[in-house]
Amino acid sequence: MLLIYILIAVVLVNTGYYLLFSKFSFLKPPQKTQTQLFPVSVIVCAKNEADNLRQNIPLWLAQNHPNFELILINDASIDETKEVIESFAEKSDKIHTVNIENNEAFWSNKKYSLTLGIKRAVHQRLLFTDADCRPASDNWLREMAGSFTNEKQLVLGYGPYEKKKGFLNALIRYETLLAAVQYFSYALAGIPYMGVGRNLGYTSQLFYDNRGFMSHMNIPSGDDDLFVNEAATKENTAICTHPDAFTISVPKKNFKDWFRQKRRHVTTARHYNPKHQAMLGLYYFSTLLFWIILIPSLLFIDLKISISIILFRFLMQYIFVGAATKNLKERDLFPFLPFLELFLVFFQLSIFITNSISKPKRWK
């Protein structure tokens, strides 16, 4: 009997989170287009990104927005990044540059470089992306900048990965989708807790009011999610999920590189507000526990009862997470949601175990 109570409790917790996700999954698109477009500064920090910059700078410059500048930061690169930035700057008065160099007494990090870029910005509203991210359309900047209002000083966007063949690509895109469903849903519920630097906007006033990155400057990562976790509130946060506002990145090509990347993200999440850690931890633990007890439930509980409970849980997943696959243009993942979740939850478990054994201080 204990097992059936545990199964029911776990499924109820899962269902509670799915109902929370409905705030985003069934979100109706806005009926009115933002008519006021504030001037905006686009800030890109690049470290050894010469090839990506050659490809993406023209896309950023071609954005359909009447008043923006592009601030390109060379973060102590050892390739041709600096030369590429300077060559484009010579041809466009929209581009302004910041050059960071390492020396024996000081070694730069991304947060320091971004801080200098923010100080260089002319406009109050700032939009951030990465050098390897291309905008999904010429209206990316218009859509993201149009989400700012006098009250909304922080805008959360979506940064999916390119669709390619293979299971790893599907898993990476599913993890990205699930993370977005969570941070969009929490923001809509008035509990914003993170954003992604691939597509994120906030005002310089919000940055300075929160003393920039000072509270977590010693942490190598987290220039995006840790800042949002500290600065975002129910009143000052907006989301922008129009497909034209996506930024698209190239995913990792092997499990080893992706594993290393996700280890860094998990380590950063340990510095979230304790309330946010508890909410995210309960979701993960309940999902993990569901998969652990699934087989025992089928073996030791009346089959009709266990199958009914399990199918109900999968139905909730397909309804609420499945709807999000449509909103975020990842519909090809829909048939495989339970299988992707199964692999992801144990992949994440392996990351937790690895991080508990070895905790790198510096990520590359």
# chains A, B, ... in the order shown; residues from 1 in each chain; ligands from 1
$ select_by_dssp --residues "region 212-266 of chain A" --states "alpha helix (DSSP H)" --output "mmCIF file with N, CA and C atoms, in the first residue's frame"
data_model
loop_
_atom_site.group_PDB
_atom_site.id
_atom_site.type_symbol
_atom_site.label_atom_id
_atom_site.label_comp_id
_atom_site.auth_asym_id
_atom_site.auth_seq_id
_atom_site.Cartn_x
_atom_site.Cartn_y
_atom_site.Cartn_z
ATOM 1 N N ASP A 225 21.738 34.134 -15.677
ATOM 2 C CA ASP A 225 20.734 33.626 -14.746
ATOM 3 C C ASP A 225 20.909 34.149 -13.321
ATOM 4 N N LEU A 226 22.136 34.314 -12.854
ATOM 5 C CA LEU A 226 22.319 34.823 -11.492
ATOM 6 C C LEU A 226 21.904 36.292 -11.386
ATOM 7 N N PHE A 227 22.138 37.054 -12.455
ATOM 8 C CA PHE A 227 21.682 38.439 -12.424
ATOM 9 C C PHE A 227 20.160 38.504 -12.404
ATOM 10 N N VAL A 228 19.518 37.712 -13.261
ATOM 11 C CA VAL A 228 18.053 37.684 -13.287
ATOM 12 C C VAL A 228 17.515 37.202 -11.943
ATOM 13 N N ASN A 229 18.140 36.174 -11.374
ATOM 14 C CA ASN A 229 17.679 35.631 -10.106
ATOM 15 C C ASN A 229 17.693 36.689 -9.010
ATOM 16 N N GLU A 230 18.625 37.607 -9.101
ATOM 17 C CA GLU A 230 18.768 38.646 -8.086
ATOM 18 C C GLU A 230 17.908 39.865 -8.375
ATOM 19 N N ALA A 231 17.772 40.233 -9.661
ATOM 20 C CA ALA A 231 17.169 41.521 -10.018
ATOM 21 C C ALA A 231 15.712 41.442 -10.452
ATOM 22 N N PHE A 255 28.313 14.109 -26.458
ATOM 23 C CA PHE A 255 27.854 14.100 -25.075
ATOM 24 C C PHE A 255 28.888 14.677 -24.121
ATOM 25 N N LYS A 256 30.165 14.468 -24.421
ATOM 26 C CA LYS A 256 31.218 14.946 -23.522
ATOM 27 C C LYS A 256 31.167 16.463 -23.390
ATOM 28 N N ASP A 257 31.070 17.170 -24.523
ATOM 29 C CA ASP A 257 31.040 18.629 -24.482
ATOM 30 C C ASP A 257 29.760 19.138 -23.824
ATOM 31 N N TRP A 258 28.645 18.474 -24.125
ATOM 32 C CA TRP A 258 27.384 18.907 -23.526
ATOM 33 C C TRP A 258 27.371 18.638 -22.026
ATOM 34 N N PHE A 259 27.943 17.513 -21.629
ATOM 35 C CA PHE A 259 28.041 17.176 -20.209
ATOM 36 C C PHE A 259 28.832 18.244 -19.471
ATOM 37 N N ARG A 260 29.927 18.689 -20.053
ATOM 38 C CA ARG A 260 30.757 19.728 -19.430
ATOM 39 C C ARG A 260 29.975 21.037 -19.316
ATOM 40 N N GLN A 261 29.242 21.376 -20.366
ATOM 41 C CA GLN A 261 28.445 22.600 -20.350
ATOM 42 C C GLN A 261 27.372 22.559 -19.271
ATOM 43 N N LYS A 262 26.679 21.434 -19.156
ATOM 44 C CA LYS A 262 25.589 21.331 -18.181
ATOM 45 C C LYS A 262 26.123 21.262 -16.756
ATOM 46 N N ARG A 263 27.310 20.738 -16.547
ATOM 47 C CA ARG A 263 27.921 20.759 -15.211
ATOM 48 C C ARG A 263 28.061 22.197 -14.727
ATOM 49 N N ARG A 264 28.472 23.074 -15.622
ATOM 50 C CA ARG A 264 28.621 24.483 -15.258
ATOM 51 C C ARG A 264 27.270 25.093 -14.893
ATOM 52 N N HIS A 265 26.248 24.783 -15.668
ATOM 53 C CA HIS A 265 24.932 25.346 -15.396
ATOM 54 C C HIS A 265 24.391 24.875 -14.047
ATOM 55 N N VAL A 266 24.577 23.595 -13.743
ATOM 56 C CA VAL A 266 24.091 23.061 -12.472
ATOM 57 C C VAL A 266 24.821 23.718 -11.305
#
$ residues_around --residues "Asp209 (chain A)" --least-positions-apart "3" --cutoff "12 Å" --atoms "only C-alpha atoms" --output "list of chain:residue names"
A:Gln153, A:Tyr202, A:Thr203, A:Ser204, A:Gln205, A:Leu206, A:Gly212, A:Phe213, A:Met214, A:Phe227, A:Glu230, A:Ala231, A:Ala232
$ write_last_selection --atoms "N, CA and C atoms" --output "short mmCIF file (atom, residue, chain, number, x, y, z; two decimals), in the first residue's frame"
data_model
loop_
_atom_site.label_atom_id
_atom_site.label_comp_id
_atom_site.auth_asym_id
_atom_site.auth_seq_id
_atom_site.Cartn_x
_atom_site.Cartn_y
_atom_site.Cartn_z
N GLN A 153 11.47 46.38 -16.95
CA GLN A 153 12.88 46.69 -17.17
C GLN A 153 13.72 45.47 -17.51
N TYR A 202 17.72 43.94 -20.40
CA TYR A 202 17.41 44.68 -19.18
C TYR A 202 17.95 46.10 -19.31
N THR A 203 17.54 46.95 -18.40
CA THR A 203 17.96 48.34 -18.47
C THR A 203 19.26 48.55 -17.69
N SER A 204 19.97 49.57 -18.09
CA SER A 204 21.20 49.90 -17.36
C SER A 204 20.87 50.34 -15.94
N GLN A 205 19.70 50.97 -15.75
CA GLN A 205 19.29 51.39 -14.42
C GLN A 205 19.12 50.19 -13.50
N LEU A 206 18.50 49.12 -14.02
CA LEU A 206 18.34 47.90 -13.24
C LEU A 206 19.70 47.30 -12.90
N GLY A 212 25.31 45.65 -10.43
CA GLY A 212 25.84 44.81 -11.50
C GLY A 212 25.99 43.36 -11.09
N PHE A 213 27.18 42.82 -11.35
CA PHE A 213 27.47 41.42 -11.03
C PHE A 213 28.25 41.26 -9.73
N MET A 214 28.30 42.30 -8.93
CA MET A 214 29.20 42.31 -7.78
C MET A 214 28.93 41.16 -6.80
N PHE A 227 22.14 37.05 -12.46
CA PHE A 227 21.68 38.44 -12.42
C PHE A 227 20.16 38.50 -12.40
N GLU A 230 18.62 37.61 -9.10
CA GLU A 230 18.77 38.65 -8.09
C GLU A 230 17.91 39.86 -8.37
N ALA A 231 17.77 40.23 -9.66
CA ALA A 231 17.17 41.52 -10.02
C ALA A 231 15.71 41.44 -10.45
N ALA A 232 15.25 40.27 -10.90
CA ALA A 232 13.90 40.17 -11.47
C ALA A 232 12.84 40.16 -10.38
#
$ residues_around --residues "region 183-190 of chain A" --least-positions-apart "2" --cutoff "6 Å" --atoms "only C-alpha atoms" --output "PyMOL selection string"
chain A and resi 21+23-24+180-181+192+234
$ write_last_selection --atoms "N, CA, C and O atoms" --output "compact mmCIF listing (two decimals), in the first residue's frame"
# COMPACT_ATOMS: atom_id res chain seq x y z
N PHE A 21 2.87 25.10 -15.51
CA PHE A 21 3.39 25.29 -16.86
C PHE A 21 2.30 25.78 -17.82
O PHE A 21 2.60 26.38 -18.85
N LYS A 23 0.44 28.17 -17.55
CA LYS A 23 0.47 29.63 -17.65
C LYS A 23 1.21 30.07 -18.91
O LYS A 23 0.86 31.08 -19.53
N PHE A 24 2.22 29.29 -19.30
CA PHE A 24 2.92 29.58 -20.54
C PHE A 24 2.39 28.76 -21.71
O PHE A 24 2.17 29.29 -22.80
N ALA A 180 12.99 26.57 -20.67
CA ALA A 180 12.25 27.76 -21.05
C ALA A 180 10.81 27.71 -20.53
O ALA A 180 10.28 28.72 -20.06
N VAL A 181 10.19 26.55 -20.64
CA VAL A 181 8.83 26.40 -20.11
C VAL A 181 8.80 26.77 -18.63
O VAL A 181 7.88 27.46 -18.16
N PRO A 192 9.80 35.26 -11.28
CA PRO A 192 10.90 35.10 -12.24
C PRO A 192 12.18 34.70 -11.53
O PRO A 192 12.49 35.21 -10.44
N LYS A 234 8.21 40.42 -9.93
CA LYS A 234 6.92 40.30 -10.60
C LYS A 234 6.60 41.55 -11.40
O LYS A 234 6.06 41.47 -12.52
$ select_by_dssp --residues "region 173-289 of chain A" --states "strand (DSSP E)" --output "CSV table (one decimal) with all heavy atoms, in the first residue's frame"
chain,number,residue,atom,x,y,z
A,200,LEU,N,18.4,38.0,-23.9
A,200,LEU,CA,18.0,38.6,-22.6
A,200,LEU,C,18.2,40.2,-22.7
A,200,LEU,O,19.1,40.7,-23.3
A,200,LEU,CB,19.0,38.1,-21.5
A,200,LEU,CG,18.8,38.7,-20.1
A,200,LEU,CD1,17.4,38.3,-19.6
A,200,LEU,CD2,19.9,38.2,-19.2
A,201,GLY,N,17.2,40.8,-22.1
A,201,GLY,CA,17.3,42.3,-22.1
A,201,GLY,C,17.0,42.9,-20.7
A,201,GLY,O,16.2,42.3,-20.0
A,202,TYR,N,17.7,43.9,-20.4
A,202,TYR,CA,17.4,44.7,-19.2
A,202,TYR,C,18.0,46.1,-19.3
A,202,TYR,O,18.7,46.4,-20.2
A,202,TYR,CB,17.9,44.0,-17.9
A,202,TYR,CG,19.4,43.6,-17.9
A,202,TYR,CD1,20.4,44.5,-17.6
A,202,TYR,CD2,19.7,42.2,-18.1
A,202,TYR,CE1,21.7,44.0,-17.6
A,202,TYR,CE2,21.0,41.8,-18.0
A,202,TYR,CZ,22.0,42.7,-17.8
A,202,TYR,OH,23.3,42.3,-17.7
A,203,THR,N,17.5,46.9,-18.4
A,203,THR,CA,18.0,48.3,-18.5
A,203,THR,C,19.3,48.5,-17.7
A,203,THR,O,19.6,47.8,-16.7
A,203,THR,CB,16.9,49.3,-17.9
A,203,THR,OG1,16.7,49.0,-16.5
A,203,THR,CG2,15.6,49.1,-18.6
A,237,THR,N,9.4,42.4,-14.8
A,237,THR,CA,9.8,41.4,-15.7
A,237,THR,C,8.7,41.1,-16.8
A,237,THR,O,7.6,41.0,-16.5
A,237,THR,CB,10.2,40.0,-15.0
A,237,THR,OG1,11.2,40.3,-14.0
A,237,THR,CG2,10.6,39.0,-16.0
A,238,ALA,N,9.2,41.0,-18.0
A,238,ALA,CA,8.3,40.6,-19.2
A,238,ALA,C,8.9,39.5,-19.9
A,238,ALA,O,10.1,39.2,-19.8
A,238,ALA,CB,8.1,41.8,-20.1
A,239,ILE,N,8.1,38.8,-20.7
A,239,ILE,CA,8.6,37.7,-21.5
A,239,ILE,C,8.3,38.0,-23.0
A,239,ILE,O,7.4,38.7,-23.3
A,239,ILE,CB,8.1,36.3,-21.1
A,239,ILE,CG1,6.6,36.2,-21.5
A,239,ILE,CG2,8.3,36.0,-19.7
A,239,ILE,CD1,6.0,34.8,-21.4
A,247,THR,N,16.6,33.5,-30.8
A,247,THR,CA,18.0,33.5,-31.3
A,247,THR,C,18.4,32.0,-31.3
A,247,THR,O,18.2,31.3,-30.4
A,247,THR,CB,19.0,34.3,-30.4
A,247,THR,OG1,18.9,33.8,-29.0
A,247,THR,CG2,18.6,35.8,-30.3
A,248,ILE,N,19.1,31.7,-32.4
A,248,ILE,CA,19.4,30.2,-32.7
A,248,ILE,C,20.9,30.0,-32.5
A,248,ILE,O,21.7,30.7,-33.1
A,248,ILE,CB,18.9,29.8,-34.1
A,248,ILE,CG1,17.4,30.2,-34.2
A,248,ILE,CG2,19.1,28.4,-34.3
A,248,ILE,CD1,16.8,30.0,-35.6
A,249,SER,N,21.2,28.9,-31.8
A,249,SER,CA,22.6,28.6,-31.5
A,249,SER,C,22.9,27.2,-32.1
A,249,SER,O,22.0,26.4,-32.3
A,249,SER,CB,22.9,28.6,-30.0
A,249,SER,OG,22.6,29.8,-29.5
$ residues_around --residues "Leu59 (chain A)" --least-positions-apart "5" --cutoff "8 Å" --atoms "only C-alpha atoms" --output "PyMOL selection string"
chain A and resi 134-135+138
$ closest_atom_pairs --of "region 65-106 of chain A" --to "region 33-48 of chain A" --cutoff "7 Å" --atoms "only C-alpha atoms" --output "CSV"
residue,atom,partner,partner_atom,distance
A:Asn67,CA,A:Pro39,CA,5.1
A:Phe68,CA,A:Val40,CA,4.9
A:Glu69,CA,A:Ser41,CA,4.9
A:Leu70,CA,A:Val42,CA,4.8
A:Ile71,CA,A:Ile43,CA,4.8
A:Leu72,CA,A:Val44,CA,5.2
A:Ile73,CA,A:Cys45,CA,4.7
A:Asn74,CA,A:Ala46,CA,5.3
A:Asp75,CA,A:Lys47,CA,5.0
A:Ala76,CA,A:Lys47,CA,6.5
A:Ser77,CA,A:Asn48,CA,4.8
A:Ile78,CA,A:Asn48,CA,6.2
A:Asp79,CA,A:Asn48,CA,5.4
A:Thr81,CA,A:Asn48,CA,5.8
$ residues_around --residues "region 12-17 of chain A" --least-positions-apart "5" --cutoff "10 Å" --atoms "only C-alpha atoms" --output "mmCIF file with N, CA, C and O atoms, in the first residue's frame"
data_model
loop_
_atom_site.group_PDB
_atom_site.id
_atom_site.type_symbol
_atom_site.label_atom_id
_atom_site.label_comp_id
_atom_site.auth_asym_id
_atom_site.auth_seq_id
_atom_site.Cartn_x
_atom_site.Cartn_y
_atom_site.Cartn_z
ATOM 1 N N ILE A 6 2.892 6.511 -2.484
ATOM 2 C CA ILE A 6 4.045 7.266 -3.007
ATOM 3 C C ILE A 6 3.820 7.616 -4.469
ATOM 4 O O ILE A 6 4.067 8.759 -4.896
ATOM 5 N N LEU A 7 3.335 6.650 -5.256
ATOM 6 C CA LEU A 7 3.082 6.900 -6.676
ATOM 7 C C LEU A 7 2.057 8.016 -6.849
ATOM 8 O O LEU A 7 2.253 8.927 -7.665
ATOM 9 N N SER A 22 1.034 25.512 -17.475
ATOM 10 C CA SER A 22 -0.067 25.933 -18.348
ATOM 11 C C SER A 22 -0.113 27.443 -18.503
ATOM 12 O O SER A 22 -0.668 27.956 -19.482
ATOM 13 N N GLN A 182 9.826 26.354 -17.906
ATOM 14 C CA GLN A 182 9.865 26.653 -16.478
ATOM 15 C C GLN A 182 10.091 28.136 -16.211
ATOM 16 O O GLN A 182 9.342 28.754 -15.449
ATOM 17 N N SER A 185 7.058 30.181 -17.322
ATOM 18 C CA SER A 185 5.881 29.944 -16.479
ATOM 19 C C SER A 185 6.037 30.594 -15.114
ATOM 20 O O SER A 185 5.100 31.221 -14.597
ATOM 21 N N MET A 279 11.919 25.093 -5.222
ATOM 22 C CA MET A 279 10.888 24.823 -6.230
ATOM 23 C C MET A 279 11.436 23.981 -7.373
ATOM 24 O O MET A 279 10.795 23.021 -7.817
ATOM 25 N N LEU A 280 12.615 24.330 -7.843
ATOM 26 C CA LEU A 280 13.224 23.576 -8.934
ATOM 27 C C LEU A 280 13.647 22.190 -8.464
ATOM 28 O O LEU A 280 13.506 21.202 -9.201
ATOM 29 N N LEU A 282 12.289 20.361 -6.073
ATOM 30 C CA LEU A 282 11.124 19.494 -5.892
ATOM 31 C C LEU A 282 10.632 18.955 -7.228
ATOM 32 O O LEU A 282 10.248 17.786 -7.328
ATOM 33 N N TYR A 283 10.666 19.808 -8.255
ATOM 34 C CA TYR A 283 10.248 19.333 -9.589
ATOM 35 C C TYR A 283 11.160 18.210 -10.068
ATOM 36 O O TYR A 283 10.699 17.160 -10.529
ATOM 37 N N TYR A 284 12.471 18.442 -9.941
ATOM 38 C CA TYR A 284 13.407 17.412 -10.406
ATOM 39 C C TYR A 284 13.273 16.137 -9.581
ATOM 40 O O TYR A 284 13.211 15.027 -10.132
ATOM 41 N N PHE A 285 13.227 16.262 -8.256
ATOM 42 C CA PHE A 285 13.163 15.081 -7.396
ATOM 43 C C PHE A 285 11.889 14.285 -7.647
ATOM 44 O O PHE A 285 11.921 13.043 -7.697
ATOM 45 N N SER A 286 10.758 14.959 -7.823
ATOM 46 C CA SER A 286 9.507 14.246 -8.067
ATOM 47 C C SER A 286 9.530 13.539 -9.420
ATOM 48 O O SER A 286 8.985 12.441 -9.563
ATOM 49 N N THR A 287 10.177 14.160 -10.399
ATOM 50 C CA THR A 287 10.286 13.520 -11.716
ATOM 51 C C THR A 287 11.199 12.303 -11.649
ATOM 52 O O THR A 287 10.879 11.234 -12.195
ATOM 53 N N PHE A 290 9.449 9.476 -9.851
ATOM 54 C CA PHE A 290 8.435 8.828 -10.697
ATOM 55 C C PHE A 290 9.056 7.720 -11.540
ATOM 56 O O PHE A 290 8.532 6.610 -11.632
ATOM 57 N N ILE A 309 -2.864 5.367 -13.172
ATOM 58 C CA ILE A 309 -2.164 6.513 -12.585
ATOM 59 C C ILE A 309 -1.020 6.976 -13.490
ATOM 60 O O ILE A 309 -0.835 8.175 -13.726
ATOM 61 N N PHE A 312 -2.322 8.650 -16.632
ATOM 62 C CA PHE A 312 -2.803 9.988 -16.303
ATOM 63 C C PHE A 312 -1.636 10.972 -16.248
ATOM 64 O O PHE A 312 -1.726 12.091 -16.772
ATOM 65 N N ARG A 313 -0.559 10.539 -15.643
ATOM 66 C CA ARG A 313 0.617 11.415 -15.544
ATOM 67 C C ARG A 313 1.184 11.739 -16.923
ATOM 68 O O ARG A 313 1.512 12.893 -17.221
ATOM 69 N N PHE A 314 1.289 10.730 -17.798
ATOM 70 C CA PHE A 314 1.787 10.971 -19.147
ATOM 71 C C PHE A 314 0.829 11.867 -19.932
ATOM 72 O O PHE A 314 1.266 12.703 -20.741
ATOM 73 N N LEU A 315 -0.464 11.712 -19.708
ATOM 74 C CA LEU A 315 -1.442 12.566 -20.381
ATOM 75 C C LEU A 315 -1.244 14.017 -19.998
ATOM 76 O O LEU A 315 -1.278 14.919 -20.855
ATOM 77 N N MET A 316 -1.033 14.277 -18.694
ATOM 78 C CA MET A 316 -0.771 15.642 -18.244
ATOM 79 C C MET A 316 0.493 16.200 -18.896
ATOM 80 O O MET A 316 0.548 17.369 -19.284
ATOM 81 N N GLN A 317 1.504 15.362 -19.005
ATOM 82 C CA GLN A 317 2.751 15.800 -19.633
ATOM 83 C C GLN A 317 2.517 16.173 -21.095
ATOM 84 O O GLN A 317 2.987 17.226 -21.562
ATOM 85 N N PHE A 320 0.338 19.590 -21.268
ATOM 86 C CA PHE A 320 0.912 20.860 -20.835
ATOM 87 C C PHE A 320 2.311 21.116 -21.393
ATOM 88 O O PHE A 320 2.607 22.237 -21.822
#
$ residues_around --residues "Tyr318 (chain A)" --least-positions-apart "3" --cutoff "9 Å" --atoms "only C-alpha atoms" --output "list of chain:residue names"
A:Arg313, A:Phe314, A:Leu315, A:Val321, A:Gly322, A:Ala323, A:Phe334, A:Pro335, A:Leu337, A:Pro338
$ write_last_selection --atoms "N, CA and C atoms" --output "mmCIF file, in the first residue's frame"
data_model
loop_
_atom_site.group_PDB
_atom_site.id
_atom_site.type_symbol
_atom_site.label_atom_id
_atom_site.label_comp_id
_atom_site.auth_asym_id
_atom_site.auth_seq_id
_atom_site.Cartn_x
_atom_site.Cartn_y
_atom_site.Cartn_z
ATOM 1 N N ARG A 313 -0.559 10.539 -15.643
ATOM 2 C CA ARG A 313 0.617 11.415 -15.544
ATOM 3 C C ARG A 313 1.184 11.739 -16.923
ATOM 4 N N PHE A 314 1.289 10.730 -17.798
ATOM 5 C CA PHE A 314 1.787 10.971 -19.147
ATOM 6 C C PHE A 314 0.829 11.867 -19.932
ATOM 7 N N LEU A 315 -0.464 11.712 -19.708
ATOM 8 C CA LEU A 315 -1.442 12.566 -20.381
ATOM 9 C C LEU A 315 -1.244 14.017 -19.998
ATOM 10 N N VAL A 321 3.184 20.129 -21.396
ATOM 11 C CA VAL A 321 4.488 20.319 -22.036
ATOM 12 C C VAL A 321 4.331 20.228 -23.546
ATOM 13 N N GLY A 322 3.429 19.361 -23.990
ATOM 14 C CA GLY A 322 3.192 19.224 -25.428
ATOM 15 C C GLY A 322 2.726 20.514 -26.062
ATOM 16 N N ALA A 323 1.865 21.256 -25.362
ATOM 17 C CA ALA A 323 1.412 22.537 -25.900
ATOM 18 C C ALA A 323 2.571 23.508 -26.073
ATOM 19 N N PHE A 334 7.367 16.345 -29.771
ATOM 20 C CA PHE A 334 6.127 15.983 -29.080
ATOM 21 C C PHE A 334 5.936 14.477 -28.878
ATOM 22 N N PRO A 335 6.121 13.626 -29.906
ATOM 23 C CA PRO A 335 5.856 12.193 -29.694
ATOM 24 C C PRO A 335 6.791 11.531 -28.686
ATOM 25 N N LEU A 337 8.214 12.863 -25.780
ATOM 26 C CA LEU A 337 8.391 13.579 -24.516
ATOM 27 C C LEU A 337 8.755 12.679 -23.340
ATOM 28 N N PRO A 338 8.042 11.559 -23.086
ATOM 29 C CA PRO A 338 8.416 10.725 -21.929
ATOM 30 C C PRO A 338 9.812 10.121 -22.057
#
$ closest_residue --among "A:Ala131, A:Ala62, A:Leu311, A:Ile191" --to "Lys275 (chain A)" --atoms "only C-alpha atoms"
A:Ile191
$ closest_residue --among "A:Lys163, A:Lys326, A:Lys110, A:His65" --to "Thr241 (chain A)" --atoms "only C-alpha atoms"
A:Lys326
$ decode --residues "region 195-201 of chain A" --atoms "all heavy atoms" --output "short mmCIF file (atom, residue, chain, number, x, y, z; two decimals), in the first residue's frame"
data_model
loop_
_atom_site.label_atom_id
_atom_site.label_comp_id
_atom_site.auth_asym_id
_atom_site.auth_seq_id
_atom_site.Cartn_x
_atom_site.Cartn_y
_atom_site.Cartn_z
N GLY A 195 17.10 33.67 -16.68
CA GLY A 195 17.00 33.93 -18.10
C GLY A 195 18.26 33.41 -18.74
O GLY A 195 19.19 32.96 -18.05
N VAL A 196 18.32 33.45 -20.06
CA VAL A 196 19.50 32.95 -20.77
C VAL A 196 20.18 34.09 -21.51
O VAL A 196 19.52 34.91 -22.15
CB VAL A 196 19.13 31.81 -21.75
CG1 VAL A 196 18.68 30.58 -20.98
CG2 VAL A 196 18.05 32.24 -22.74
N GLY A 197 21.50 34.16 -21.40
CA GLY A 197 22.26 35.23 -22.01
C GLY A 197 22.24 35.21 -23.52
O GLY A 197 22.65 36.19 -24.15
N ARG A 198 21.75 34.13 -24.11
CA ARG A 198 21.61 34.08 -25.56
C ARG A 198 20.53 35.03 -26.06
O ARG A 198 20.52 35.39 -27.23
CB ARG A 198 21.28 32.64 -26.01
CG ARG A 198 22.31 31.61 -25.61
CD ARG A 198 22.04 30.26 -26.25
NE ARG A 198 20.74 29.71 -25.90
CZ ARG A 198 20.50 29.00 -24.80
NH1 ARG A 198 21.48 28.78 -23.94
NH2 ARG A 198 19.30 28.49 -24.57
N ASN A 199 19.63 35.42 -25.16
CA ASN A 199 18.51 36.28 -25.57
C ASN A 199 17.90 36.90 -24.32
O ASN A 199 16.96 36.36 -23.75
CB ASN A 199 17.48 35.46 -26.34
CG ASN A 199 16.59 36.30 -27.22
OD1 ASN A 199 16.78 37.51 -27.33
ND2 ASN A 199 15.61 35.68 -27.85
N LEU A 200 18.43 38.04 -23.93
CA LEU A 200 18.04 38.64 -22.65
C LEU A 200 18.18 40.16 -22.73
O LEU A 200 19.12 40.66 -23.34
CB LEU A 200 18.96 38.10 -21.54
CG LEU A 200 18.78 38.66 -20.13
CD1 LEU A 200 17.44 38.26 -19.56
CD2 LEU A 200 19.92 38.18 -19.22
N GLY A 201 17.21 40.85 -22.14
CA GLY A 201 17.29 42.30 -22.12
C GLY A 201 17.03 42.86 -20.74
O GLY A 201 16.23 42.32 -19.98
#
